[in-house]
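Content type PDB, C-alpha atoms, from the file data.pdb:
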ATOM      1  CA  MET A 600     -17.628 -27.189  60.677
ATOM      2  CA  LYS A 601     -20.631 -29.094  62.089
ATOM      3  CA  ILE A 602     -23.343 -26.468  62.471
ATOM      4  CA  ALA A 603     -26.936 -27.012  63.614
ATOM      5  CA  LEU A 604     -29.808 -24.567  63.262
ATOM      6  CA  ALA A 605     -33.200 -24.374  64.962
ATOM      7  CA  SER A 606     -35.915 -21.751  65.020
ATOM      8  CA  ASP A 607     -39.559 -21.086  65.677
ATOM      9  CA  HIS A 608     -42.220 -20.426  63.027
ATOM     10  CA  ALA A 609     -41.285 -16.732  62.797
ATOM     11  CA  ALA A 610     -37.857 -17.638  61.444
ATOM     12  CA  VAL A 611     -38.304 -20.687  59.192
ATOM     13  CA  ASP A 612     -37.596 -18.687  56.033
ATOM     14  CA  LEU A 613     -34.452 -17.120  57.474
ATOM     15  CA  LYS A 614     -33.371 -20.550  58.710
ATOM     16  CA  ALA A 615     -33.802 -22.071  55.220
ATOM     17  CA  ASP A 616     -31.767 -19.216  53.730
ATOM     18  CA  LEU A 617     -28.944 -19.676  56.263
ATOM     19  CA  VAL A 618     -28.943 -23.483  55.852
ATOM     20  CA  ARG A 619     -28.517 -23.103  52.079
ATOM     21  CA  TRP A 620     -25.824 -20.408  52.477
ATOM     22  CA  LEU A 621     -23.831 -22.433  55.027
ATOM     23  CA  ARG A 622     -24.002 -25.598  52.892
ATOM     24  CA  GLU A 623     -22.703 -23.627  49.910
ATOM     25  CA  GLN A 624     -19.630 -22.886  52.042
ATOM     26  CA  GLY A 625     -19.073 -26.601  52.586
ATOM     27  CA  HIS A 626     -20.203 -26.818  56.215
ATOM     28  CA  ASP A 627     -21.865 -29.943  57.605
ATOM     29  CA  VAL A 628     -25.284 -28.446  58.392
ATOM     30  CA  THR A 629     -28.157 -29.987  60.369
ATOM     31  CA  ASP A 630     -31.589 -28.359  60.295
ATOM     32  CA  LEU A 631     -33.321 -29.283  63.570
ATOM     33  CA  GLY A 632     -36.629 -27.749  62.499
ATOM     34  CA  PRO A 633     -39.311 -26.736  62.324
ATOM     35  CA  GLN A 634     -39.917 -27.277  58.615
ATOM     36  CA  GLY A 635     -43.344 -25.740  58.160
ATOM     37  CA  ALA A 636     -44.835 -22.381  59.042
ATOM     38  CA  GLY A 637     -47.162 -23.766  61.721
ATOM     39  CA  SER A 638     -46.921 -22.244  65.179
ATOM     40  CA  VAL A 639     -44.409 -23.920  67.483
ATOM     41  CA  ASP A 640     -42.906 -23.069  70.873
ATOM     42  CA  TYR A 641     -39.377 -21.681  70.717
ATOM     43  CA  PRO A 642     -38.240 -23.392  73.966
ATOM     44  CA  ASP A 643     -38.727 -26.829  72.356
ATOM     45  CA  TYR A 644     -36.412 -25.942  69.490
ATOM     46  CA  GLY A 645     -33.939 -24.114  71.691
ATOM     47  CA  TYR A 646     -33.642 -27.158  73.954
ATOM     48  CA  ARG A 647     -33.252 -29.408  70.914
ATOM     49  CA  LEU A 648     -30.351 -27.308  69.617
ATOM     50  CA  ALA A 649     -28.803 -27.122  73.104
ATOM     51  CA  ALA A 650     -28.890 -30.916  73.287
ATOM     52  CA  ALA A 651     -27.118 -31.177  69.909
ATOM     53  CA  LEU A 652     -24.322 -28.929  71.203
ATOM     54  CA  ALA A 653     -24.119 -30.839  74.492
ATOM     55  CA  ASP A 654     -23.825 -34.273  72.853
ATOM     56  CA  GLY A 655     -21.301 -33.069  70.282
ATOM     57  CA  SER A 656     -23.447 -33.700  67.212
ATOM     58  CA  ALA A 657     -22.951 -29.978  66.472
ATOM     59  CA  GLU A 658     -19.936 -27.755  67.192
ATOM     60  CA  TYR A 659     -21.820 -24.490  66.661
ATOM     61  CA  GLY A 660     -25.480 -23.530  66.797
ATOM     62  CA  VAL A 661     -27.567 -20.831  65.160
ATOM     63  CA  ALA A 662     -30.855 -20.215  66.982
ATOM     64  CA  LEU A 663     -33.593 -18.090  65.440
ATOM     65  CA  CYS A 664     -36.926 -16.714  66.598
ATOM     66  CA  GLY A 665     -38.846 -13.472  66.096
ATOM     67  CA  SER A 666     -36.567 -11.383  68.329
ATOM     68  CA  GLY A 667     -33.861 -13.910  69.191
ATOM     69  CA  ILE A 668     -34.602 -13.278  72.864
ATOM     70  CA  GLY A 669     -36.741 -16.250  73.820
ATOM     71  CA  ILE A 670     -34.699 -18.931  72.093
ATOM     72  CA  ALA A 671     -31.463 -17.460  73.532
ATOM     73  CA  ILE A 672     -32.885 -17.752  77.055
ATOM     74  CA  ALA A 673     -33.919 -21.355  76.354
ATOM     75  CA  MET A 674     -30.484 -22.231  74.971
ATOM     76  CA  ASN A 675     -28.652 -20.761  77.949
ATOM     77  CA  ARG A 676     -30.610 -22.942  80.397
ATOM     78  CA  HIS A 677     -28.107 -25.643  79.397
ATOM     79  CA  PRO A 678     -24.661 -25.320  81.052
ATOM     80  CA  ALA A 679     -22.985 -26.698  77.896
ATOM     81  CA  VAL A 680     -24.322 -23.781  75.847
ATOM     82  CA  ARG A 681     -23.051 -20.227  75.646
ATOM     83  CA  CYS A 682     -25.518 -18.490  73.343
ATOM     84  CA  ALA A 683     -25.182 -14.796  72.457
ATOM     85  CA  GLN A 684     -28.190 -12.930  71.133
ATOM     86  CA  VAL A 685     -26.788 -10.518  68.547
ATOM     87  CA  SER A 686     -28.034  -8.071  65.917
ATOM     88  CA  GLU A 687     -24.738  -6.944  64.369
ATOM     89  CA  PRO A 688     -21.336  -8.527  63.601
ATOM     90  CA  LEU A 689     -19.261  -6.785  66.276
ATOM     91  CA  SER A 690     -21.212  -8.484  69.067
ATOM     92  CA  ALA A 691     -21.085 -11.772  67.165
ATOM     93  CA  SER A 692     -17.299 -11.470  67.091
ATOM     94  CA  PHE A 693     -17.030 -10.580  70.811
ATOM     95  CA  ALA A 694     -19.208 -13.569  71.606
ATOM     96  CA  ARG A 695     -16.470 -15.810  70.218
ATOM     97  CA  SER A 696     -13.331 -13.888  71.253
ATOM     98  CA  HIS A 697     -14.381 -13.165  74.864
ATOM     99  CA  ASN A 698     -17.114 -15.665  75.726
ATOM    100  CA  ASP A 699     -16.187 -18.699  73.590
ATOM    101  CA  ALA A 700     -19.866 -18.764  72.588
ATOM    102  CA  ASN A 701     -20.923 -21.935  70.788
ATOM    103  CA  ALA A 702     -24.210 -20.461  69.582
ATOM    104  CA  ILE A 703     -25.736 -17.209  68.423
ATOM    105  CA  ALA A 704     -29.384 -16.207  68.442
ATOM    106  CA  LEU A 705     -30.822 -13.890  65.800
ATOM    107  CA  GLY A 706     -34.211 -12.179  65.518
ATOM    108  CA  ALA A 707     -35.852 -12.708  62.123
ATOM    109  CA  ARG A 708     -38.333  -9.882  62.773
ATOM    110  CA  LEU A 709     -35.570  -7.452  63.770
ATOM    111  CA  ILE A 710     -32.725  -7.993  61.301
ATOM    112  CA  GLY A 711     -32.689  -8.911  57.602
ATOM    113  CA  PRO A 712     -31.028 -11.898  55.926
ATOM    114  CA  GLU A 713     -27.830 -10.066  54.900
ATOM    115  CA  MET A 714     -27.269  -8.764  58.431
ATOM    116  CA  ALA A 715     -27.964 -12.266  59.754
ATOM    117  CA  LYS A 716     -25.317 -13.693  57.395
ATOM    118  CA  ALA A 717     -22.822 -11.004  58.447
ATOM    119  CA  CYS A 718     -23.428 -11.988  62.088
ATOM    120  CA  VAL A 719     -22.977 -15.716  61.388
ATOM    121  CA  ALA A 720     -19.827 -15.040  59.334
ATOM    122  CA  ALA A 721     -18.298 -12.931  62.131
ATOM    123  CA  PHE A 722     -19.256 -15.594  64.673
ATOM    124  CA  LEU A 723     -17.766 -18.523  62.742
ATOM    125  CA  GLY A 724     -14.697 -16.535  61.686
ATOM    126  CA  THR A 725     -13.512 -15.433  65.126
ATOM    127  CA  GLN A 726     -11.273 -17.388  67.485
ATOM    128  CA  PHE A 727     -11.616 -17.503  71.293
ATOM    129  CA  GLU A 728      -8.851 -15.447  72.925
ATOM    130  CA  ALA A 729      -8.731 -17.632  76.079
ATOM    131  CA  GLY A 730      -6.320 -16.050  78.606
ATOM    132  CA  ARG A 731      -8.245 -14.155  81.300
ATOM    133  CA  HIS A 732     -11.505 -15.054  79.565
ATOM    134  CA  GLN A 733     -11.024 -18.797  80.123
ATOM    135  CA  ARG A 734     -11.705 -18.684  83.889
ATOM    136  CA  ARG A 735     -14.968 -16.814  83.326
ATOM    137  CA  VAL A 736     -16.084 -19.227  80.627
ATOM    138  CA  ASP A 737     -15.326 -22.124  82.983
ATOM    139  CA  MET A 738     -17.520 -20.470  85.627
ATOM    140  CA  LEU A 739     -20.425 -20.481  83.150
ATOM    141  CA  SER A 740     -20.047 -24.231  82.722
ATOM    142  CA  HIS A 741     -20.384 -24.901  86.449
ATOM    143  CA  PRO A 742     -22.911 -22.322  87.642
ATOM    144  CA  SER A 743     -23.701 -24.076  90.914
ATOM    145  CA  ILE A 744     -20.035 -24.123  91.929
ATOM    146  CA  SER A 745     -19.615 -20.454  91.015
ATOM    147  CA  GLN A 746     -22.761 -19.530  92.905
ATOM    148  CA  GLU A 747     -21.391 -21.166  96.041
ATOM    149  CA  GLN A 748     -18.113 -19.287  95.624
ATOM    150  CA  ALA A 749     -19.762 -15.898  94.994
TER     151      ALA A 749
ATOM    152  CA  MET B 922     -40.298  -0.858  91.492
ATOM    153  CA  LYS B 923     -37.585  -2.875  93.237
ATOM    154  CA  ILE B 924     -34.696  -2.920  90.785
ATOM    155  CA  ALA B 925     -31.240  -4.443  91.295
ATOM    156  CA  LEU B 926     -28.161  -3.810  89.170
ATOM    157  CA  ALA B 927     -24.892  -5.709  88.831
ATOM    158  CA  SER B 928     -21.976  -5.440  86.445
ATOM    159  CA  ASP B 929     -18.341  -6.220  85.892
ATOM    160  CA  HIS B 930     -15.473  -3.728  86.001
ATOM    161  CA  ALA B 931     -16.089  -2.636  82.383
ATOM    162  CA  ALA B 932     -19.483  -1.235  83.330
ATOM    163  CA  VAL B 933     -19.149   0.288  86.816
ATOM    164  CA  ASP B 934     -19.490   3.846  85.494
ATOM    165  CA  LEU B 935     -22.585   3.011  83.452
ATOM    166  CA  LYS B 936     -24.016   1.173  86.463
ATOM    167  CA  ALA B 937     -23.482   4.215  88.717
ATOM    168  CA  ASP B 938     -25.165   6.439  86.127
ATOM    169  CA  LEU B 939     -28.171   4.101  85.847
ATOM    170  CA  VAL B 940     -28.452   3.709  89.641
ATOM    171  CA  ARG B 941     -28.627   7.479  90.066
ATOM    172  CA  TRP B 942     -31.097   7.890  87.194
ATOM    173  CA  LEU B 943     -33.406   5.126  88.468
ATOM    174  CA  ARG B 944     -33.353   6.534  92.031
ATOM    175  CA  GLU B 945     -34.303   9.966  90.674
ATOM    176  CA  GLN B 946     -37.432   8.298  89.284
ATOM    177  CA  GLY B 947     -38.320   7.021  92.754
ATOM    178  CA  HIS B 948     -37.446   3.348  92.259
ATOM    179  CA  ASP B 949     -36.126   1.193  95.108
ATOM    180  CA  VAL B 950     -32.656   0.477  93.699
ATOM    181  CA  THR B 951     -30.065  -2.013  94.958
ATOM    182  CA  ASP B 952     -26.520  -1.868  93.609
ATOM    183  CA  LEU B 953     -25.074  -5.389  93.916
ATOM    184  CA  GLY B 954     -21.605  -4.251  92.858
ATOM    185  CA  PRO B 955     -18.839  -4.118  92.098
ATOM    186  CA  GLN B 956     -18.038  -0.661  93.455
ATOM    187  CA  GLY B 957     -14.464  -0.183  92.288
ATOM    188  CA  ALA B 958     -12.772  -0.446  88.930
ATOM    189  CA  GLY B 959     -10.734  -3.542  89.866
ATOM    190  CA  SER B 960     -11.086  -6.570  87.611
ATOM    191  CA  VAL B 961     -13.870  -8.970  88.576
ATOM    192  CA  ASP B 962     -15.518 -11.976  86.924
ATOM    193  CA  TYR B 963     -18.907 -11.238  85.363
ATOM    194  CA  PRO B 964     -20.364 -14.684  86.259
ATOM    195  CA  ASP B 965     -20.075 -13.872  89.989
ATOM    196  CA  TYR B 966     -22.114 -10.704  89.589
ATOM    197  CA  GLY B 967     -24.583 -12.263  87.182
ATOM    198  CA  TYR B 968     -25.263 -15.087  89.632
ATOM    199  CA  ARG B 969     -25.634 -12.565  92.458
ATOM    200  CA  LEU B 970     -28.268 -10.621  90.504
ATOM    201  CA  ALA B 971     -30.008 -13.858  89.474
ATOM    202  CA  ALA B 972     -30.245 -14.845  93.140
ATOM    203  CA  ALA B 973     -31.810 -11.460  94.008
ATOM    204  CA  LEU B 974     -34.488 -12.023  91.354
ATOM    205  CA  ALA B 975     -35.063 -15.607  92.494
ATOM    206  CA  ASP B 976     -35.518 -14.699  96.173
ATOM    207  CA  GLY B 977     -37.771 -11.728  95.394
ATOM    208  CA  SER B 978     -35.479  -9.053  96.800
ATOM    209  CA  ALA B 979     -35.622  -7.507  93.311
ATOM    210  CA  GLU B 980     -38.505  -7.509  90.800
ATOM    211  CA  TYR B 981     -36.328  -6.472  87.855
ATOM    212  CA  GLY B 982     -32.623  -6.683  87.122
ATOM    213  CA  VAL B 983     -30.219  -4.693  84.978
ATOM    214  CA  ALA B 984     -27.018  -6.613  84.190
ATOM    215  CA  LEU B 985     -24.014  -4.887  82.643
ATOM    216  CA  CYS B 986     -20.672  -5.989  81.267
ATOM    217  CA  GLY B 987     -18.469  -5.001  78.327
ATOM    218  CA  SER B 988     -20.702  -6.526  75.660
ATOM    219  CA  GLY B 989     -23.670  -7.678  77.764
ATOM    220  CA  ILE B 990     -23.118 -11.182  76.410
ATOM    221  CA  GLY B 991     -21.290 -12.912  79.240
ATOM    222  CA  ILE B 992     -23.425 -11.624  82.088
ATOM    223  CA  ALA B 993     -26.623 -12.467  80.137
ATOM    224  CA  ILE B 994     -25.461 -16.069  79.758
ATOM    225  CA  ALA B 995     -24.678 -16.230  83.485
ATOM    226  CA  MET B 996     -28.078 -14.781  84.420
ATOM    227  CA  ASN B 997     -29.970 -17.231  82.228
ATOM    228  CA  ARG B 998     -28.360 -20.225  83.940
ATOM    229  CA  HIS B 999     -30.999 -19.624  86.648
ATOM    230  CA  PRO B1000     -34.511 -20.889  85.753
ATOM    231  CA  ALA B1001     -36.092 -17.967  87.662
ATOM    232  CA  VAL B1002     -34.384 -15.466  85.347
ATOM    233  CA  ARG B1003     -35.349 -14.429  81.837
ATOM    234  CA  CYS B1004     -32.611 -12.011  80.810
ATOM    235  CA  ALA B1005     -32.584 -10.333  77.378
ATOM    236  CA  GLN B1006     -29.347  -8.910  76.037
ATOM    237  CA  VAL B1007     -30.395  -5.767  74.156
ATOM    238  CA  SER B1008     -28.783  -2.809  72.412
ATOM    239  CA  GLU B1009     -31.866  -0.783  71.435
ATOM    240  CA  PRO B1010     -35.324  -0.086  72.923
ATOM    241  CA  LEU B1011     -37.430  -2.170  70.512
ATOM    242  CA  SER B1012     -35.788  -5.401  71.680
ATOM    243  CA  ALA B1013     -36.068  -4.231  75.304
ATOM    244  CA  SER B1014     -39.808  -3.787  74.785
ATOM    245  CA  PHE B1015     -40.256  -7.200  73.084
ATOM    246  CA  ALA B1016     -38.364  -8.779  75.982
ATOM    247  CA  ARG B1017     -41.190  -7.680  78.283
ATOM    248  CA  SER B1018     -44.209  -8.027  75.969
ATOM    249  CA  HIS B1019     -43.347 -11.480  74.563
ATOM    250  CA  ASN B1020     -40.879 -13.064  77.002
ATOM    251  CA  ASP B1021     -41.906 -11.541  80.359
ATOM    252  CA  ALA B1022     -38.205 -10.878  80.872
ATOM    253  CA  ASN B1023     -37.282  -9.884  84.409
ATOM    254  CA  ALA B1024     -33.815  -8.651  83.461
ATOM    255  CA  ILE B1025     -31.963  -6.978  80.624
ATOM    256  CA  ALA B1026     -28.260  -7.077  79.880
ATOM    257  CA  LEU B1027     -26.463  -4.127  78.281
ATOM    258  CA  GLY B1028     -22.934  -3.766  76.905
ATOM    259  CA  ALA B1029     -21.124  -0.701  78.254
ATOM    260  CA  ARG B1030     -18.483  -0.943  75.518
ATOM    261  CA  LEU B1031     -21.094  -1.180  72.755
ATOM    262  CA  ILE B1032     -23.813   1.339  73.633
ATOM    263  CA  GLY B1033     -23.681   4.745  75.300
ATOM    264  CA  PRO B1034     -25.467   5.897  78.467
ATOM    265  CA  GLU B1035     -28.427   7.535  76.712
ATOM    266  CA  MET B1036     -29.114   4.404  74.641
ATOM    267  CA  ALA B1037     -28.785   2.329  77.820
ATOM    268  CA  LYS B1038     -31.379   4.541  79.552
ATOM    269  CA  ALA B1039     -33.713   4.286  76.550
ATOM    270  CA  CYS B1040     -33.426   0.475  76.758
ATOM    271  CA  VAL B1041     -34.123   0.416  80.506
ATOM    272  CA  ALA B1042     -37.068   2.815  80.087
ATOM    273  CA  ALA B1043     -38.600   0.654  77.327
ATOM    274  CA  PHE B1044     -38.041  -2.457  79.433
ATOM    275  CA  LEU B1045     -39.624  -1.059  82.608
ATOM    276  CA  GLY B1046     -42.446   0.640  80.722
ATOM    277  CA  THR B1047     -43.763  -2.394  78.812
ATOM    278  CA  GLN B1048     -46.288  -4.944  80.077
ATOM    279  CA  PHE B1049     -46.209  -8.677  79.385
ATOM    280  CA  GLU B1050     -48.905  -9.625  76.851
ATOM    281  CA  ALA B1051     -49.401 -13.143  78.291
ATOM    282  CA  GLY B1052     -51.837 -15.095  76.052
ATOM    283  CA  ARG B1053     -49.948 -17.465  73.753
ATOM    284  CA  HIS B1054     -46.668 -16.219  75.208
ATOM    285  CA  GLN B1055     -47.479 -17.506  78.698
ATOM    286  CA  ARG B1056     -47.038 -21.208  77.844
ATOM    287  CA  ARG B1057     -43.611 -20.540  76.335
ATOM    288  CA  VAL B1058     -42.507 -18.501  79.343
ATOM    289  CA  ASP B1059     -43.655 -21.337  81.611
ATOM    290  CA  MET B1060     -41.506 -23.743  79.569
ATOM    291  CA  LEU B1061     -38.451 -21.561  80.298
ATOM    292  CA  SER B1062     -39.103 -21.907  84.018
ATOM    293  CA  HIS B1063     -39.069 -25.702  83.908
ATOM    294  CA  PRO B1064     -36.446 -26.537  81.293
ATOM    295  CA  SER B1065     -36.011 -30.167  82.331
ATOM    296  CA  ILE B1066     -39.733 -30.884  81.968
ATOM    297  CA  SER B1067     -39.835 -29.192  78.581
ATOM    298  CA  GLN B1068     -36.756 -31.067  77.429
ATOM    299  CA  GLU B1069     -38.449 -34.373  78.268
ATOM    300  CA  GLN B1070     -41.571 -33.325  76.377
ATOM    301  CA  ALA B1071     -39.655 -32.090  73.316
TER     302      ALA B1071
END
Is it possible to give me this structure as structure tokens?
Amino acid sequence: MKIALASDHAAVDLKADLVRWLREQGHDVTDLGPQGAGSVDYPDYGYRLAAALADGSAEYGVALCGSGIGIAIAMNRHPAVRCAQVSEPLSASFARSHNDANAIALGARLIGPEMAKACVAAFLGTQFEAGRHQRRVDMLSHPSISQEQA
Amino acid sequence: MKIALASDHAAVDLKADLVRWLREQGHDVTDLGPQGAGSVDYPDYGYRLAAALADGSAEYGVALCGSGIGIAIAMNRHPAVRCAQVSEPLSASFARSHNDANAIALGARLIGPEMAKACVAAFLGTQFEAGRHQRRVDMLSHPSISQEQA
């Protein structure tokens, strides 16, 4: 799978750990930064990862910041992104099966590296169920149309 | 506070419980639906709540669905919304202090009513810290500008 990761400074160590772990599994992994520990703004990196999903250079995204909250909001500004902020594997699995999420956001200050890996594994290992969920996912891709219909 | 709530069918009971509990505390509460248990599409109700935040008819929003994931994605399509999907009070507090979130999303199939109330209480009871967080919050309000700058 083509997987891209991005973070802010609070999560560079967790990002490096996940990049290494995903490459060991044979995935095609792109690290969109940052590389150092200097302070950066999470929206910049969230938008960068959203763009990689939108242009197809990545199939799945893993977004990381201190809580996972800010970068998840940034990611979901893009209609091509469905990013679920999760802290345990059950939600990571639902994000795929019900929401066809193409990204998850994790909080490096809230969960540890093994829990983060369990979330990513559940996310990548779960198939979208489609069916009744497909219409709702389509509505997320065209928010202005859905807003007019609501 | 002026608080609006919206959900899908999976969370109508939790929504009713939270509406009652928030009114008991003296808040000005608007229930944006749905009212029955019939199947609805969470994007419709997420967009409805996002519109209430954008037009100022609500200061804060509580969005509910089965996992909290889908309705959080829908909410965050709107640049006036910063919606944090949370399952415990610490994240709900960070959503306010760091991200100036104006909405939280909760999963009625993942957390119980007392945990949901603890999340809402932490969310409503925490102030935004501004400072270095303000610039990042501003970037979430103008995603196209930030994307050009990135």
Please evaluate the ChimeraX specification (/A :<8) & /B against the displayed coordinates and give the resulting residues as a ChimeraX atom specification. /B:962-966,968-969,988,990-991,994-995,997-1000,1003-1006,1012,1015-1016,1020,1057,1060-1061,1064,1067-1068,1071
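Using the PyMOL selection byres ((chain B and resi 957) around 10) on this structure selects Asp929, His930, Val933, Asp934, Gly954, Pro955, Gln956, Ala958, Gly959, Ser960 and Val961 of chain B.
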How many Å lie between CA of Pro688 (chain A) and CA of Glu1035 (chain B), rounded to one decimal?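 It comes out at 21.9 Å.
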CA of Leu974 (chain B) and CA of Glu945 (chain B), how far apart in Å?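 It comes out at 22.0 Å.
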Contacts of region 937-942 of chain B at 12 Å (all atoms listed in the file; same-chain gap of 5+ positions) as a PyMOL selection string: chain B and resi 923-932+947-958+982-985+1027+1029+1033-1042
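Counting all atoms listed in the file and comparing B:Cys986, B:Met922, B:Ala975, B:Ile1025, the residue that lies closest to Gln946 (chain B) is B:Met922.
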Between CA of Ala651 (chain A) and CA of Ala704 (chain A), what is the distance in Å, rounded to a tenth?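 Answer for the CA of Ala651 (chain A) to CA of Ala704 (chain A) separation: 15.2 Å.
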Rank nothing, just name the residue among B:Asn1023, B:Thr1047, B:Gln1055, B:Ser1014 nearest to Gly977 (chain B), using all atoms listed in the file. B:Asn1023
Grab all the atoms of region 727-737 of chain A that the file lists, wrap them in a box along x, y and z, add 5 Å per side, and give me centre plus edge lengths in Å (one decimal) as lines of an AutoDock Vina configuration file.
center_x = -11.2
center_y = -18.1
center_z = 77.6
size_x = 19.8
size_y = 18.0
size_z = 22.6
Could you write region 971-995 of chain B as a PDB file, keeping the file's coordinate frame, with N, CA and C atoms rebuilt where they are missing?
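Okay, rebuild-v6.pdb is ready:
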ATOM      1  N   ALA B 971     -29.014 -12.794  89.684  1.00  0.00           N
ATOM      2  CA  ALA B 971     -30.008 -13.858  89.474  1.00  0.00           C
ATOM      3  C   ALA B 971     -30.603 -14.309  90.802  1.00  0.00           C
ATOM      4  N   ALA B 972     -29.764 -14.428  91.824  1.00  0.00           N
ATOM      5  CA  ALA B 972     -30.245 -14.845  93.140  1.00  0.00           C
ATOM      6  C   ALA B 972     -31.198 -13.811  93.726  1.00  0.00           C
ATOM      7  N   ALA B 973     -30.926 -12.527  93.500  1.00  0.00           N
ATOM      8  CA  ALA B 973     -31.810 -11.460  94.008  1.00  0.00           C
ATOM      9  C   ALA B 973     -33.176 -11.515  93.337  1.00  0.00           C
ATOM     10  N   LEU B 974     -33.206 -11.862  92.050  1.00  0.00           N
ATOM     11  CA  LEU B 974     -34.488 -12.023  91.354  1.00  0.00           C
ATOM     12  C   LEU B 974     -35.209 -13.276  91.853  1.00  0.00           C
ATOM     13  N   ALA B 975     -34.453 -14.339  92.081  1.00  0.00           N
ATOM     14  CA  ALA B 975     -35.063 -15.607  92.494  1.00  0.00           C
ATOM     15  C   ALA B 975     -35.656 -15.515  93.895  1.00  0.00           C
ATOM     16  N   ASP B 976     -35.010 -14.767  94.791  1.00  0.00           N
ATOM     17  CA  ASP B 976     -35.518 -14.699  96.173  1.00  0.00           C
ATOM     18  C   ASP B 976     -36.483 -13.532  96.374  1.00  0.00           C
ATOM     19  N   GLY B 977     -36.768 -12.795  95.316  1.00  0.00           N
ATOM     20  CA  GLY B 977     -37.771 -11.728  95.394  1.00  0.00           C
ATOM     21  C   GLY B 977     -37.260 -10.412  95.957  1.00  0.00           C
ATOM     22  N   SER B 978     -35.992 -10.328  96.294  1.00  0.00           N
ATOM     23  CA  SER B 978     -35.479  -9.053  96.800  1.00  0.00           C
ATOM     24  C   SER B 978     -35.408  -8.007  95.694  1.00  0.00           C
ATOM     25  N   ALA B 979     -35.477  -8.429  94.442  1.00  0.00           N
ATOM     26  CA  ALA B 979     -35.622  -7.507  93.311  1.00  0.00           C
ATOM     27  C   ALA B 979     -36.697  -8.038  92.365  1.00  0.00           C
ATOM     28  N   GLU B 980     -37.502  -7.115  91.808  1.00  0.00           N
ATOM     29  CA  GLU B 980     -38.505  -7.509  90.800  1.00  0.00           C
ATOM     30  C   GLU B 980     -37.878  -7.537  89.411  1.00  0.00           C
ATOM     31  N   TYR B 981     -36.974  -6.580  89.171  1.00  0.00           N
ATOM     32  CA  TYR B 981     -36.328  -6.472  87.855  1.00  0.00           C
ATOM     33  C   TYR B 981     -34.830  -6.292  88.048  1.00  0.00           C
ATOM     34  N   GLY B 982     -34.071  -6.789  87.065  1.00  0.00           N
ATOM     35  CA  GLY B 982     -32.623  -6.683  87.122  1.00  0.00           C
ATOM     36  C   GLY B 982     -32.055  -6.022  85.889  1.00  0.00           C
ATOM     37  N   VAL B 983     -30.985  -5.260  86.083  1.00  0.00           N
ATOM     38  CA  VAL B 983     -30.219  -4.693  84.978  1.00  0.00           C
ATOM     39  C   VAL B 983     -28.791  -5.194  85.136  1.00  0.00           C
ATOM     40  N   ALA B 984     -28.328  -5.966  84.150  1.00  0.00           N
ATOM     41  CA  ALA B 984     -27.018  -6.613  84.190  1.00  0.00           C
ATOM     42  C   ALA B 984     -26.128  -5.961  83.144  1.00  0.00           C
ATOM     43  N   LEU B 985     -24.904  -5.637  83.529  1.00  0.00           N
ATOM     44  CA  LEU B 985     -24.014  -4.887  82.643  1.00  0.00           C
ATOM     45  C   LEU B 985     -22.636  -5.540  82.601  1.00  0.00           C
ATOM     46  N   CYS B 986     -22.091  -5.659  81.396  1.00  0.00           N
ATOM     47  CA  CYS B 986     -20.672  -5.989  81.267  1.00  0.00           C
ATOM     48  C   CYS B 986     -20.174  -5.315  79.993  1.00  0.00           C
ATOM     49  N   GLY B 987     -19.007  -5.689  79.500  1.00  0.00           N
ATOM     50  CA  GLY B 987     -18.469  -5.001  78.327  1.00  0.00           C
ATOM     51  C   GLY B 987     -19.387  -5.096  77.113  1.00  0.00           C
ATOM     52  N   SER B 988     -19.823  -6.309  76.814  1.00  0.00           N
ATOM     53  CA  SER B 988     -20.702  -6.526  75.660  1.00  0.00           C
ATOM     54  C   SER B 988     -22.136  -6.850  76.058  1.00  0.00           C
ATOM     55  N   GLY B 989     -22.364  -7.186  77.322  1.00  0.00           N
ATOM     56  CA  GLY B 989     -23.670  -7.678  77.764  1.00  0.00           C
ATOM     57  C   GLY B 989     -23.849  -9.174  77.544  1.00  0.00           C
ATOM     58  N   ILE B 990     -22.951  -9.775  76.804  1.00  0.00           N
ATOM     59  CA  ILE B 990     -23.118 -11.182  76.410  1.00  0.00           C
ATOM     60  C   ILE B 990     -22.850 -12.120  77.578  1.00  0.00           C
ATOM     61  N   GLY B 991     -21.687 -11.978  78.191  1.00  0.00           N
ATOM     62  CA  GLY B 991     -21.290 -12.912  79.240  1.00  0.00           C
ATOM     63  C   GLY B 991     -22.218 -12.896  80.429  1.00  0.00           C
ATOM     64  N   ILE B 992     -22.583 -11.694  80.893  1.00  0.00           N
ATOM     65  CA  ILE B 992     -23.425 -11.624  82.088  1.00  0.00           C
ATOM     66  C   ILE B 992     -24.843 -12.103  81.779  1.00  0.00           C
ATOM     67  N   ALA B 993     -25.302 -11.948  80.519  1.00  0.00           N
ATOM     68  CA  ALA B 993     -26.623 -12.467  80.137  1.00  0.00           C
ATOM     69  C   ALA B 993     -26.627 -13.988  80.176  1.00  0.00           C
ATOM     70  N   ILE B 994     -25.550 -14.606  79.698  1.00  0.00           N
ATOM     71  CA  ILE B 994     -25.461 -16.069  79.758  1.00  0.00           C
ATOM     72  C   ILE B 994     -25.499 -16.523  81.217  1.00  0.00           C
ATOM     73  N   ALA B 995     -24.708 -15.869  82.061  1.00  0.00           N
ATOM     74  CA  ALA B 995     -24.678 -16.230  83.485  1.00  0.00           C
ATOM     75  C   ALA B 995     -26.069 -16.117  84.103  1.00  0.00           C
TER      76      ALA B 995
END
